[in-house]
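*Asks:* Dropping a structure here in structure tokens format, bear with me for questions.
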Amino acid sequence: MAVEDAPEIEELIRRLNDAYRSGDIDTVARSLSSDSATMVVGSDASEVARGRDEAASMLRGDVDQRPADAPGWSIEEIDAFREGDVAWATVLGPYPIGEADAIPARGSVVFRREDGDWKIVNWTFSLAVPNDTLQPGSPVLAALAVAHV
């Protein structure tokens with residue numbers, strides 16, 4: 001089998017982002033694999049969810065805590081591919097912070113075809129932080145620092 005472009009995955013990601021932005025977590029949850037290895041990772045260090053139920057709960061909590069009028073992620077670019085029953089994509093676009101600011105964001109998502117439907121087995125979302133802000137003593141690094149054990 002050869003790797004192919006996957007326009008149906010691009011469309012699915014756009015539909016899921018629209019559902020998420022509108023607060024329709026049930027639609028997003030139905031697209032999560034029921035496999036216990038399913039994992040969703042958000043931008044906050046605490047946002048690591050394993051399994052469909054935990055992932056849906058984390059996403060629901062995220063939606064519940066954001067303002068109702070928050071615009072959400074604006075997807076500008078999706079590179080989606082498939083090979084057999086596995087598909088993956090890289091997603092890029094700005095994530096608005098407040099009224100006038102946005103930070104570049106990206107996501108990586110892996111799907112597996114289950115009973116004829118594409119299901120998310122891994123989704124990672126991150127905010128792009130410029131490398132030069134990650135210098136010792138920088139305010140960004142201080143805000144992001146995690147205690148080392």
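Simple scheme: letters A, B, ... for chains in structure tokens order, numbers from 1 for residues in each chain, numbers from 1 for ligands in the order shown.
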If we count only C-alpha atoms and set the cut-off at 9 Å, which residues sit around Ala37 in chain A, ignoring sequence neighbours fewer than 4 positions away in its own chain? Please answer as a count of residues only.
*Replies:* 6
*Asks:* Excluding Glu54 in chain A and residues on its chain fewer than 2 positions from it, collect all residues at most 12 Å away from it, counting only C-alpha atoms, and give them as an MDAnalysis selection string.
*Replies:* chainID A and resid 29 32:41 47:52 56:61
*Asks:* I'd like the neighbourhood of Ser74 in chain A as an MDAnalysis selection string, where a residue qualifies if any of its atoms comes within 10 Å (using only C-alpha atoms), though same-chain residues fewer than 6 positions away should be ignored.
*Replies:* chainID A and resid 14 17:18 21 92:96 102 104:105
*Asks:* Residues of range 3-72 of chain A in helix (DSSP H, G or I) according to DSSP, as a PyMOL selection string?
*Replies:* chain A and resi 7-21+25-30+52-65
*Asks:* Write out, as a short mmCIF file (atom, residue, chain, number, x, y, z; two decimals), in the first residue's frame, the residues just selected, with C-alpha atoms.
*Replies:*
```cif
data_model
loop_
_atom_site.label_atom_id
_atom_site.label_comp_id
_atom_site.auth_asym_id
_atom_site.auth_seq_id
_atom_site.Cartn_x
_atom_site.Cartn_y
_atom_site.Cartn_z
CA PRO A 7 -9.20 14.80 1.79
CA GLU A 8 -11.86 12.99 3.84
CA ILE A 9 -9.62 13.31 6.90
CA GLU A 10 -9.13 17.02 6.23
CA GLU A 11 -12.91 17.46 6.03
CA LEU A 12 -13.44 15.39 9.20
CA ILE A 13 -10.94 17.53 11.12
CA ARG A 14 -12.68 20.71 9.98
CA ARG A 15 -16.09 19.32 11.06
CA LEU A 16 -14.69 18.22 14.43
CA ASN A 17 -13.08 21.63 15.01
CA ASP A 18 -16.40 23.33 14.17
CA ALA A 19 -18.19 21.01 16.62
CA TYR A 20 -15.61 21.70 19.33
CA ARG A 21 -15.79 25.46 18.76
CA ILE A 25 -18.43 17.69 22.55
CA ASP A 26 -20.79 14.74 21.92
CA THR A 27 -19.91 14.89 18.21
CA VAL A 28 -16.21 15.02 19.04
CA ALA A 29 -16.53 12.17 21.57
CA ARG A 30 -18.18 9.95 18.95
CA ARG A 52 -12.27 7.91 25.22
CA ASP A 53 -14.16 8.75 28.42
CA GLU A 54 -11.28 10.65 30.01
CA ALA A 55 -10.56 12.47 26.73
CA ALA A 56 -14.21 13.47 26.28
CA SER A 57 -14.33 14.66 29.89
CA MET A 58 -11.19 16.75 29.46
CA LEU A 59 -12.53 18.32 26.26
CA ARG A 60 -15.89 19.01 27.89
CA GLY A 61 -14.13 20.70 30.83
CA ASP A 62 -12.10 22.83 28.43
CA VAL A 63 -15.23 23.99 26.63
CA ASP A 64 -17.06 24.63 29.91
CA GLN A 65 -14.33 26.93 31.23
#
```
*Asks:* At a cut-off of 12 Å, using only C-alpha atoms, what residues contact Val3 in chain A? Leave out same-chain residues fewer than 3 positions from it and give the result as a list in words.
*Replies:* Ala6, Ala80, Phe81, Arg82, Glu83, Gly84, Asp85, Val86, Ala87 and Trp88 of chain A
*Asks:* Compare A:Leu134, A:Gly72, A:Ala45, A:Ser31 by their minimum atom-to-atom distance to Phe111 in chain A, counting only C-alpha atoms, and give me the closest one.
*Replies:*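 Of A:Leu134, A:Gly72, A:Ala45, A:Ser31, the one nearest Phe111 in chain A, counting only C-alpha atoms, is A:Ser31.
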*Asks:* One number please: CA of Asn131 in chain A to CA of Val110 in chain A, in Å, one decimal.
*Replies:*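 CA of Val110 in chain A lies 26.2 Å from CA of Asn131 in chain A.
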*Asks:* Between A:Val91, A:Ala145, A:Val140, A:Ile78, which has the minimum distance to Ser126 in chain A (counting only C-alpha atoms)?
*Replies:* A:Val91
*Asks:* To one decimal place in Å, what is the distance between CA of Gly107 in chain A and CA of Lys119 in chain A?
*Replies:*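 These two atoms are separated by 15.8 Å.
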*Asks:* Kindly indicate which residue among A:Thr124, A:Ser46, A:Gln135, A:Ser22 lies nearest to Arg66 in chain A, using only C-alpha atoms for the distances.
*Replies:*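 Of all the options, A:Ser22 lies closest to Arg66 in chain A.
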*Asks:* DSSP on the backbone, then: every residue of range 23-93 of chain A marked strand (DSSP E or B), written as an mmCIF file with C-alpha atoms, in the first residue's frame.
*Replies:*
```
data_model
loop_
_atom_site.group_PDB
_atom_site.id
_atom_site.type_symbol
_atom_site.label_atom_id
_atom_site.label_comp_id
_atom_site.auth_asym_id
_atom_site.auth_seq_id
_atom_site.Cartn_x
_atom_site.Cartn_y
_atom_site.Cartn_z
ATOM 1 C CA LEU A 32 -12.747 9.136 19.571
ATOM 2 C CA MET A 39 -4.823 9.604 24.011
ATOM 3 C CA VAL A 40 -5.564 13.323 23.757
ATOM 4 C CA VAL A 41 -2.918 15.861 24.810
ATOM 5 C CA VAL A 48 -3.259 14.460 29.180
ATOM 6 C CA ALA A 49 -6.226 12.144 28.797
ATOM 7 C CA ARG A 50 -6.122 8.386 28.242
ATOM 8 C CA GLU A 77 -3.726 24.401 6.875
ATOM 9 C CA ILE A 78 -4.190 20.646 7.088
ATOM 10 C CA ASP A 79 -1.827 18.062 5.616
ATOM 11 C CA ALA A 80 -3.691 14.748 5.797
ATOM 12 C CA PHE A 81 -2.617 11.311 4.612
ATOM 13 C CA ARG A 82 -3.755 7.707 4.863
ATOM 14 C CA GLU A 83 -2.386 4.260 4.290
ATOM 15 C CA VAL A 86 -4.533 4.414 9.396
ATOM 16 C CA ALA A 87 -4.580 8.149 8.688
ATOM 17 C CA TRP A 88 -2.718 11.106 10.149
ATOM 18 C CA ALA A 89 -2.646 14.847 9.796
ATOM 19 C CA THR A 90 -0.799 17.959 10.847
ATOM 20 C CA VAL A 91 -3.021 20.973 11.494
ATOM 21 C CA LEU A 92 -1.824 24.600 11.621
ATOM 22 C CA GLY A 93 -3.490 27.921 12.369
#
```
